[in-house]
$ cat work_28.cif   # mmCIF, C-alpha atoms, pLDDT in the B column; chains and numbers go by the auth columns
data_structure
#
loop_
_atom_site.group_PDB
_atom_site.id
_atom_site.type_symbol
_atom_site.label_atom_id
_atom_site.label_comp_id
_atom_site.label_asym_id
_atom_site.label_seq_id
_atom_site.Cartn_x
_atom_site.Cartn_y
_atom_site.Cartn_z
_atom_site.B_iso_or_equiv
_atom_site.auth_seq_id
_atom_site.auth_asym_id
ATOM 1 C CA MET A 1 0.000 0.000 0.000 95.00 1 A
ATOM 2 C CA ILE A 2 1.110 3.534 -0.735 98.00 2 A
ATOM 3 C CA TYR A 3 0.228 6.177 1.854 98.00 3 A
ATOM 4 C CA GLU A 4 0.271 9.974 1.776 98.00 4 A
ATOM 5 C CA PHE A 5 1.529 11.558 5.014 98.00 5 A
ATOM 6 C CA GLN A 6 1.353 15.289 5.839 97.00 6 A
ATOM 7 C CA GLY A 7 1.108 16.130 2.145 98.00 7 A
ATOM 8 C CA TYR A 8 4.000 13.888 1.073 98.00 8 A
ATOM 9 C CA ILE A 9 3.061 11.258 -1.501 98.00 9 A
ATOM 10 C CA PRO A 10 5.602 8.547 -2.377 98.00 10 A
ATOM 11 C CA VAL A 11 7.080 8.617 -5.882 98.00 11 A
ATOM 12 C CA VAL A 12 7.462 5.165 -7.422 98.00 12 A
ATOM 13 C CA HIS A 13 8.856 4.685 -10.930 98.00 13 A
ATOM 14 C CA GLU A 14 6.535 2.668 -13.163 98.00 14 A
ATOM 15 C CA THR A 15 9.190 -0.031 -13.719 98.00 15 A
ATOM 16 C CA SER A 16 9.374 -0.761 -9.992 98.00 16 A
ATOM 17 C CA PHE A 17 7.111 -3.081 -8.013 98.00 17 A
ATOM 18 C CA VAL A 18 5.754 -2.485 -4.524 98.00 18 A
ATOM 19 C CA HIS A 19 3.942 -5.551 -3.215 98.00 19 A
ATOM 20 C CA PRO A 20 0.372 -4.783 -2.054 97.00 20 A
ATOM 21 C CA LEU A 21 1.287 -6.083 1.417 98.00 21 A
ATOM 22 C CA ALA A 22 4.200 -3.633 1.751 98.00 22 A
ATOM 23 C CA ALA A 23 3.693 -0.155 3.246 98.00 23 A
ATOM 24 C CA VAL A 24 5.393 2.856 1.636 98.00 24 A
ATOM 25 C CA THR A 25 4.596 6.088 3.444 98.00 25 A
ATOM 26 C CA GLY A 26 5.274 9.786 2.877 98.00 26 A
ATOM 27 C CA ASN A 27 8.492 11.303 1.524 98.00 27 A
ATOM 28 C CA VAL A 28 9.838 8.260 -0.309 98.00 28 A
ATOM 29 C CA ILE A 29 11.337 8.237 -3.808 98.00 29 A
ATOM 30 C CA ILE A 30 11.745 4.849 -5.496 98.00 30 A
ATOM 31 C CA GLY A 31 13.764 4.717 -8.715 98.00 31 A
ATOM 32 C CA LYS A 32 13.673 2.319 -11.656 98.00 32 A
ATOM 33 C CA HIS A 33 13.559 -1.500 -11.431 98.00 33 A
ATOM 34 C CA CYS A 34 13.222 -1.600 -7.639 98.00 34 A
ATOM 35 C CA TYR A 35 11.505 -4.444 -5.790 98.00 35 A
ATOM 36 C CA ILE A 36 9.715 -3.953 -2.465 98.00 36 A
ATOM 37 C CA GLY A 37 8.601 -7.263 -0.941 98.00 37 A
ATOM 38 C CA PRO A 38 5.523 -8.109 1.142 98.00 38 A
ATOM 39 C CA GLY A 39 5.706 -6.984 4.745 98.00 39 A
ATOM 40 C CA ALA A 40 8.339 -4.333 4.016 98.00 40 A
ATOM 41 C CA ALA A 41 7.770 -0.941 5.662 98.00 41 A
ATOM 42 C CA ILE A 42 9.438 2.147 4.179 98.00 42 A
ATOM 43 C CA ARG A 43 8.404 5.096 6.351 98.00 43 A
ATOM 44 C CA GLY A 44 9.239 8.550 5.057 98.00 44 A
ATOM 45 C CA ASP A 45 7.204 10.276 7.739 97.00 45 A
ATOM 46 C CA TRP A 46 10.083 12.069 9.530 96.00 46 A
ATOM 47 C CA GLY A 47 12.562 12.444 6.664 97.00 47 A
ATOM 48 C CA GLN A 48 13.181 11.590 3.031 98.00 48 A
ATOM 49 C CA ILE A 49 14.103 8.076 1.903 98.00 49 A
ATOM 50 C CA ILE A 50 15.569 7.650 -1.575 98.00 50 A
ATOM 51 C CA LEU A 51 15.936 4.262 -3.229 98.00 51 A
ATOM 52 C CA GLU A 52 18.059 4.686 -6.326 98.00 52 A
ATOM 53 C CA ASP A 53 17.621 2.488 -9.403 98.00 53 A
ATOM 54 C CA GLY A 54 17.767 -1.280 -8.974 98.00 54 A
ATOM 55 C CA VAL A 55 17.442 -1.380 -5.168 98.00 55 A
ATOM 56 C CA ASN A 56 15.549 -4.246 -3.562 98.00 56 A
ATOM 57 C CA VAL A 57 14.044 -4.223 -0.083 98.00 57 A
ATOM 58 C CA GLN A 58 12.876 -7.745 0.625 98.00 58 A
ATOM 59 C CA GLU A 59 10.154 -9.261 2.792 98.00 59 A
ATOM 60 C CA ASN A 60 9.647 -7.874 6.322 98.00 60 A
ATOM 61 C CA CYS A 61 12.361 -5.208 6.106 98.00 61 A
ATOM 62 C CA THR A 62 12.059 -1.826 7.803 98.00 62 A
ATOM 63 C CA VAL A 63 13.542 1.418 6.481 98.00 63 A
ATOM 64 C CA HIS A 64 13.094 4.422 8.807 98.00 64 A
ATOM 65 C CA MET A 65 15.021 7.142 10.690 96.00 65 A
ATOM 66 C CA PHE A 66 15.002 9.703 13.518 95.00 66 A
ATOM 67 C CA PRO A 67 13.170 12.999 12.808 95.00 67 A
ATOM 68 C CA GLY A 68 14.964 15.419 10.496 91.00 68 A
ATOM 69 C CA LYS A 69 17.222 12.800 8.912 94.00 69 A
ATOM 70 C CA SER A 70 17.175 11.680 5.281 96.00 70 A
ATOM 71 C CA ILE A 71 18.795 8.586 3.839 98.00 71 A
ATOM 72 C CA VAL A 72 19.808 7.097 0.503 98.00 72 A
ATOM 73 C CA LEU A 73 20.003 3.481 -0.571 98.00 73 A
ATOM 74 C CA LYS A 74 22.264 3.806 -3.590 98.00 74 A
ATOM 75 C CA GLU A 75 21.962 2.028 -6.925 98.00 75 A
ATOM 76 C CA SER A 76 21.647 -1.771 -6.712 98.00 76 A
ATOM 77 C CA ALA A 77 21.718 -1.899 -2.894 98.00 77 A
ATOM 78 C CA HIS A 78 20.312 -5.267 -1.822 98.00 78 A
ATOM 79 C CA VAL A 79 18.500 -5.496 1.538 98.00 79 A
ATOM 80 C CA GLY A 80 17.878 -9.112 2.603 98.00 80 A
ATOM 81 C CA HIS A 81 14.790 -10.523 4.285 98.00 81 A
ATOM 82 C CA GLY A 82 13.976 -9.050 7.691 98.00 82 A
ATOM 83 C CA ALA A 83 16.771 -6.458 7.774 98.00 83 A
ATOM 84 C CA ILE A 84 16.353 -3.065 9.466 98.00 84 A
ATOM 85 C CA ILE A 85 17.892 0.088 8.031 98.00 85 A
ATOM 86 C CA HIS A 86 17.393 2.859 10.599 98.00 86 A
ATOM 87 C CA GLY A 87 18.788 6.210 9.525 98.00 87 A
ATOM 88 C CA ALA A 88 21.741 4.667 7.667 98.00 88 A
ATOM 89 C CA ASN A 89 23.018 5.216 4.136 98.00 89 A
ATOM 90 C CA LEU A 90 23.808 2.253 1.903 98.00 90 A
ATOM 91 C CA GLY A 91 26.468 2.357 -0.800 98.00 91 A
ATOM 92 C CA ARG A 92 26.160 1.281 -4.401 98.00 92 A
ATOM 93 C CA ASN A 93 25.814 -2.459 -5.036 98.00 93 A
ATOM 94 C CA CYS A 94 26.145 -3.413 -1.360 98.00 94 A
ATOM 95 C CA LEU A 95 24.455 -6.417 0.247 98.00 95 A
ATOM 96 C CA ILE A 96 22.766 -6.277 3.646 98.00 96 A
ATOM 97 C CA GLY A 97 22.273 -9.824 4.926 97.00 97 A
ATOM 98 C CA MET A 98 19.067 -11.243 6.317 98.00 98 A
ATOM 99 C CA ASN A 99 17.961 -9.964 9.754 98.00 99 A
ATOM 100 C CA SER A 100 20.834 -7.486 9.972 98.00 100 A
ATOM 101 C CA VAL A 101 20.375 -4.148 11.746 98.00 101 A
ATOM 102 C CA ILE A 102 22.117 -1.035 10.408 98.00 102 A
ATOM 103 C CA MET A 103 21.792 1.859 12.856 98.00 103 A
ATOM 104 C CA ASP A 104 21.598 5.649 12.578 98.00 104 A
ATOM 105 C CA ASP A 105 24.257 7.604 10.678 98.00 105 A
ATOM 106 C CA ALA A 106 26.082 4.409 9.711 98.00 106 A
ATOM 107 C CA GLU A 107 27.564 4.427 6.223 98.00 107 A
ATOM 108 C CA ILE A 108 27.937 1.165 4.320 98.00 108 A
ATOM 109 C CA GLY A 109 30.533 1.521 1.568 98.00 109 A
ATOM 110 C CA ASP A 110 30.018 0.631 -2.074 98.00 110 A
ATOM 111 C CA GLU A 111 30.174 -3.104 -2.852 98.00 111 A
ATOM 112 C CA SER A 112 30.374 -4.055 0.828 98.00 112 A
ATOM 113 C CA ILE A 113 28.684 -7.169 2.172 98.00 113 A
ATOM 114 C CA VAL A 114 27.120 -7.207 5.647 98.00 114 A
ATOM 115 C CA GLY A 115 26.561 -10.781 6.840 97.00 115 A
ATOM 116 C CA ALA A 116 23.246 -12.142 8.061 97.00 116 A
ATOM 117 C CA MET A 117 22.237 -11.073 11.602 98.00 117 A
ATOM 118 C CA ALA A 118 25.027 -8.498 11.867 98.00 118 A
ATOM 119 C CA PHE A 119 24.530 -5.423 14.074 98.00 119 A
ATOM 120 C CA VAL A 120 26.182 -2.278 12.694 98.00 120 A
ATOM 121 C CA LYS A 121 26.337 0.348 15.449 98.00 121 A
ATOM 122 C CA ALA A 122 25.303 3.976 14.957 98.00 122 A
ATOM 123 C CA GLU A 123 27.847 6.205 13.204 98.00 123 A
ATOM 124 C CA THR A 124 29.948 3.254 11.979 98.00 124 A
ATOM 125 C CA LYS A 125 31.701 3.951 8.678 98.00 125 A
ATOM 126 C CA ILE A 126 32.280 0.801 6.627 98.00 126 A
ATOM 127 C CA PRO A 127 34.804 1.316 3.808 98.00 127 A
ATOM 128 C CA ARG A 128 34.197 0.210 0.230 98.00 128 A
ATOM 129 C CA ARG A 129 34.419 -3.542 -0.484 98.00 129 A
ATOM 130 C CA SER A 130 34.362 -4.648 3.179 98.00 130 A
ATOM 131 C CA LEU A 131 32.974 -7.962 4.420 97.00 131 A
ATOM 132 C CA VAL A 132 31.313 -7.273 7.782 97.00 132 A
ATOM 133 C CA VAL A 133 29.940 -9.825 10.267 98.00 133 A
ATOM 134 C CA GLY A 134 28.944 -10.167 13.919 97.00 134 A
ATOM 135 C CA ASN A 135 27.354 -8.307 16.815 97.00 135 A
ATOM 136 C CA PRO A 136 28.783 -5.762 17.053 97.00 136 A
ATOM 137 C CA ALA A 137 29.757 -5.938 13.392 97.00 137 A
ATOM 138 C CA LYS A 138 33.438 -6.057 12.503 97.00 138 A
ATOM 139 C CA ILE A 139 35.261 -5.970 9.191 98.00 139 A
ATOM 140 C CA VAL A 140 36.790 -9.406 8.612 97.00 140 A
ATOM 141 C CA LYS A 141 38.211 -9.042 5.106 96.00 141 A
ATOM 142 C CA GLU A 142 37.937 -7.352 1.743 97.00 142 A
ATOM 143 C CA VAL A 143 35.196 -8.403 -0.665 97.00 143 A
ATOM 144 C CA SER A 144 36.788 -10.242 -3.614 95.00 144 A
ATOM 145 C CA ASP A 145 35.912 -9.754 -7.274 96.00 145 A
ATOM 146 C CA GLU A 146 34.297 -13.206 -7.218 94.00 146 A
ATOM 147 C CA MET A 147 32.125 -12.368 -4.208 94.00 147 A
ATOM 148 C CA ILE A 148 30.876 -9.111 -5.703 96.00 148 A
ATOM 149 C CA ALA A 149 30.205 -10.855 -9.034 95.00 149 A
ATOM 150 C CA TRP A 150 28.035 -13.384 -7.175 94.00 150 A
ATOM 151 C CA LYS A 151 26.222 -10.610 -5.289 95.00 151 A
ATOM 152 C CA THR A 152 25.662 -8.625 -8.494 96.00 152 A
ATOM 153 C CA LYS A 153 24.159 -11.652 -10.251 94.00 153 A
ATOM 154 C CA GLY A 154 21.733 -12.171 -7.348 94.00 154 A
ATOM 155 C CA THR A 155 20.706 -8.516 -7.411 96.00 155 A
ATOM 156 C CA GLN A 156 20.056 -8.758 -11.157 95.00 156 A
ATOM 157 C CA LEU A 157 17.425 -11.416 -10.406 94.00 157 A
ATOM 158 C CA TYR A 158 15.694 -8.921 -8.118 96.00 158 A
ATOM 159 C CA GLN A 159 15.953 -6.217 -10.783 97.00 159 A
ATOM 160 C CA GLN A 160 14.062 -8.519 -13.181 96.00 160 A
ATOM 161 C CA LEU A 161 11.504 -9.435 -10.513 96.00 161 A
ATOM 162 C CA PRO A 162 9.452 -6.194 -10.759 97.00 162 A
ATOM 163 C CA GLN A 163 8.693 -6.890 -14.432 97.00 163 A
ATOM 164 C CA ASP A 164 7.927 -10.538 -13.662 95.00 164 A
ATOM 165 C CA CYS A 165 5.514 -9.421 -10.918 96.00 165 A
ATOM 166 C CA HIS A 166 3.826 -6.872 -13.206 96.00 166 A
ATOM 167 C CA ASN A 167 3.426 -9.616 -15.836 96.00 167 A
ATOM 168 C CA SER A 168 2.280 -12.560 -13.756 95.00 168 A
ATOM 169 C CA LEU A 169 1.533 -11.873 -10.070 95.00 169 A
ATOM 170 C CA LYS A 170 -2.185 -12.047 -9.305 95.00 170 A
ATOM 171 C CA GLN A 171 -4.366 -12.995 -6.384 94.00 171 A
ATOM 172 C CA VAL A 172 -6.019 -16.397 -6.880 95.00 172 A
ATOM 173 C CA GLU A 173 -7.852 -19.124 -5.004 96.00 173 A
ATOM 174 C CA PRO A 174 -5.544 -22.013 -4.038 95.00 174 A
ATOM 175 C CA LEU A 175 -5.593 -25.328 -5.879 93.00 175 A
ATOM 176 C CA ARG A 176 -6.894 -28.243 -3.825 94.00 176 A
ATOM 177 C CA LYS A 177 -4.589 -30.874 -5.365 94.00 177 A
ATOM 178 C CA VAL A 178 -1.049 -30.810 -6.730 93.00 178 A
ATOM 179 C CA PRO A 179 -1.184 -30.842 -10.564 91.00 179 A
ATOM 180 C CA LYS A 180 0.212 -34.051 -12.094 91.00 180 A
ATOM 181 C CA HIS A 181 2.741 -32.252 -14.283 90.00 181 A
ATOM 182 C CA MET A 182 3.790 -29.429 -12.004 88.00 182 A
ATOM 183 C CA LYS A 183 7.195 -28.070 -13.116 88.00 183 A
ATOM 184 C CA MET A 184 9.944 -26.927 -10.783 85.00 184 A
ATOM 185 C CA GLN A 185 11.463 -23.465 -11.190 83.00 185 A
ATOM 186 C CA LYS A 186 14.794 -23.177 -12.996 81.00 186 A
ATOM 187 C CA ASP A 187 18.048 -23.334 -11.056 80.00 187 A
ATOM 188 C CA VAL A 188 19.271 -19.843 -11.998 74.00 188 A
ATOM 189 C CA TYR A 189 21.407 -18.900 -8.985 74.00 189 A
ATOM 190 C CA LYS A 190 23.930 -20.784 -6.864 73.00 190 A
ATOM 191 C CA THR A 191 25.168 -20.333 -3.318 73.00 191 A
ATOM 192 C CA LEU A 192 28.458 -18.462 -3.077 69.00 192 A
ATOM 193 C CA ARG A 193 30.303 -21.741 -2.470 68.00 193 A
ATOM 194 C CA ASP A 194 28.776 -23.312 -5.602 72.00 194 A
ATOM 195 C CA PHE A 195 29.372 -20.137 -7.603 63.00 195 A
ATOM 196 C CA LEU A 196 33.087 -20.154 -6.726 61.00 196 A
ATOM 197 C CA LYS A 197 33.423 -23.807 -7.853 67.00 197 A
ATOM 198 C CA LYS A 198 32.756 -22.887 -11.500 59.00 198 A
#
$ encode --input "work_28.cif" --output "structure tokens"
Amino acid sequence: MIYEFQGYIPVVHETSFVHPLAAVTGNVIIGKHCYIGPGAAIRGDWGQIILEDGVNVQENCTVHMFPGKSIVLKESAHVGHGAIIHGANLGRNCLIGMNSVIMDDAEIGDESIVGAMAFVKAETKIPRRSLVVGNPAKIVKEVSDEMIAWKTKGTQLYQQLPQDCHNSLKQVEPLRKVPKHMKMQKDVYKTLRDFLKK
């Protein structure tokens, strides 16, 4: 759902997809080819939130901030299921792992990867191409070319997903039996370990 708040109406590019069970409120600008999953809450009630082109904010994520702050999720930023971005800025083509929390005035550098369930404290500055894990989060190494290639390929799937949703997502009644010739989805993306074996 898209909600006006105090005269601010979200701006969503026509090539992007906001799931009907997501909530986008107020001063929010969503660029091209962005995906916002069900249960996501992007609240631009106290400041502006900009999602540049190709950003995805997956299921049950929260993007918010303290009053008077504004934040940017730069091009191709990838926010995994259940993550919280509270008043932080995300660099270009970074990956925020599932259930991570990125706190106020933190800066995640371009092409950095924040591991699942990491806690990035307020005002932390993560340099470009850093691999960050833990609670509190610590830099453990530099992101390799192979790791960022894997991340980029995964994000490209999410950049195609808005068009796929516009083309085929619809509310239906469930089937009562499994069809005899039900096909499985294609294997289009590998784990990082499998990707590196190629």
$ residues_around --input "work_28.cif" --residues "Ile139 of chain A" --least-positions-apart "6" --cutoff "9 Å" --atoms "all atoms listed in the file" --output "list in words"
Val114, Ile126, Ser130, Leu131, Val132 and Val133 of chain A
$ resolve_selection --input "work_28.cif" --expression "the PyMOL selection byres ((chain A and resi 2) around 7)" --output "NGL selection string"
:A and (1 or 3-4 or 10 or 23-25)
$ residues_around --input "work_28.cif" --residues "segment 85-91 of chain A" --least-positions-apart "4" --cutoff "6 Å" --atoms "all atoms listed in the file" --output "PDB file with C-alpha atoms, keeping the file's coordinate frame"
ATOM      1  CA  VAL A  63      13.542   1.418   6.481  1.00 98.00           C
ATOM      2  CA  HIS A  64      13.094   4.422   8.807  1.00 98.00           C
ATOM      3  CA  MET A  65      15.021   7.142  10.690  1.00 96.00           C
ATOM      4  CA  ILE A  71      18.795   8.586   3.839  1.00 98.00           C
ATOM      5  CA  VAL A  72      19.808   7.097   0.503  1.00 98.00           C
ATOM      6  CA  LEU A  73      20.003   3.481  -0.571  1.00 98.00           C
ATOM      7  CA  LYS A  74      22.264   3.806  -3.590  1.00 98.00           C
ATOM      8  CA  ILE A 102      22.117  -1.035  10.408  1.00 98.00           C
ATOM      9  CA  MET A 103      21.792   1.859  12.856  1.00 98.00           C
ATOM     10  CA  ASP A 104      21.598   5.649  12.578  1.00 98.00           C
ATOM     11  CA  ASP A 105      24.257   7.604  10.678  1.00 98.00           C
ATOM     12  CA  ALA A 106      26.082   4.409   9.711  1.00 98.00           C
ATOM     13  CA  GLU A 107      27.564   4.427   6.223  1.00 98.00           C
ATOM     14  CA  ILE A 108      27.937   1.165   4.320  1.00 98.00           C
ATOM     15  CA  GLY A 109      30.533   1.521   1.568  1.00 98.00           C
ATOM     16  CA  ASP A 110      30.018   0.631  -2.074  1.00 98.00           C
TER      17      ASP A 110
END
$ axis_aligned_box --input "work_28.cif" --around "segment 120-129 of chain A" --padding-each-side "3 Å" --output "JSON"
{"center_x": 30.1, "center_y": 1.3, "center_z": 7.5, "size_x": 15.5, "size_y": 15.7, "size_z": 21.9}
$ closest_residue --input "work_28.cif" --among "A:Thr15, A:Thr124, A:Ser112, A:Ser70" --to "Asn167 of chain A" --atoms "only C-alpha atoms"
A:Thr15
$ atom_distance --input "work_28.cif" --atom1 "atom CA of Asn27 of chain A" --atom2 "atom CA of Ile9 of chain A"
6.2 Å
$ residues_near_point --input "work_28.cif" --point "(16.7, 8.2, -4.5)" --cutoff "8 Å" --atoms "all atoms listed in the file" --output "list of chain:residue names"
A:Ile29, A:Ile30, A:Gly31, A:Ile49, A:Ile50, A:Leu51, A:Glu52, A:Asp53, A:Val72, A:Leu73, A:Lys74
$ closest_residue --input "work_28.cif" --among "A:Gly154, A:Pro127, A:Gly97, A:Gly44" --to "His81 of chain A" --atoms "all atoms listed in the file"
A:Gly97
$ resolve_selection --input "work_28.cif" --expression "the PyMOL selection byres ((chain A and resi 160) around 10)" --output "VMD selection string"
chain A and resid 15 to 16 33 to 35 54 155 to 159 161 to 165
$ atom_distance --input "work_28.cif" --atom1 "atom CA of Gly47 of chain A" --atom2 "atom CA of Gly115 of chain A"
27.1 Å
$ atom_distance --input "work_28.cif" --atom1 "atom CA of Pro20 of chain A" --atom2 "atom CA of Glu173 of chain A"
16.8 Å
$ resolve_selection --input "work_28.cif" --expression "the PyMOL selection byres ((chain A and resi 188) around 10)" --output "compact mmCIF listing (two decimals) with C-alpha atoms, keeping the file's coordinate frame"
# COMPACT_ATOMS: atom_id res chain seq x y z
CA LYS A 153 24.16 -11.65 -10.25
CA GLY A 154 21.73 -12.17 -7.35
CA LEU A 157 17.42 -11.42 -10.41
CA GLN A 185 11.46 -23.46 -11.19
CA LYS A 186 14.79 -23.18 -13.00
CA ASP A 187 18.05 -23.33 -11.06
CA TYR A 189 21.41 -18.90 -8.98
CA LYS A 190 23.93 -20.78 -6.86
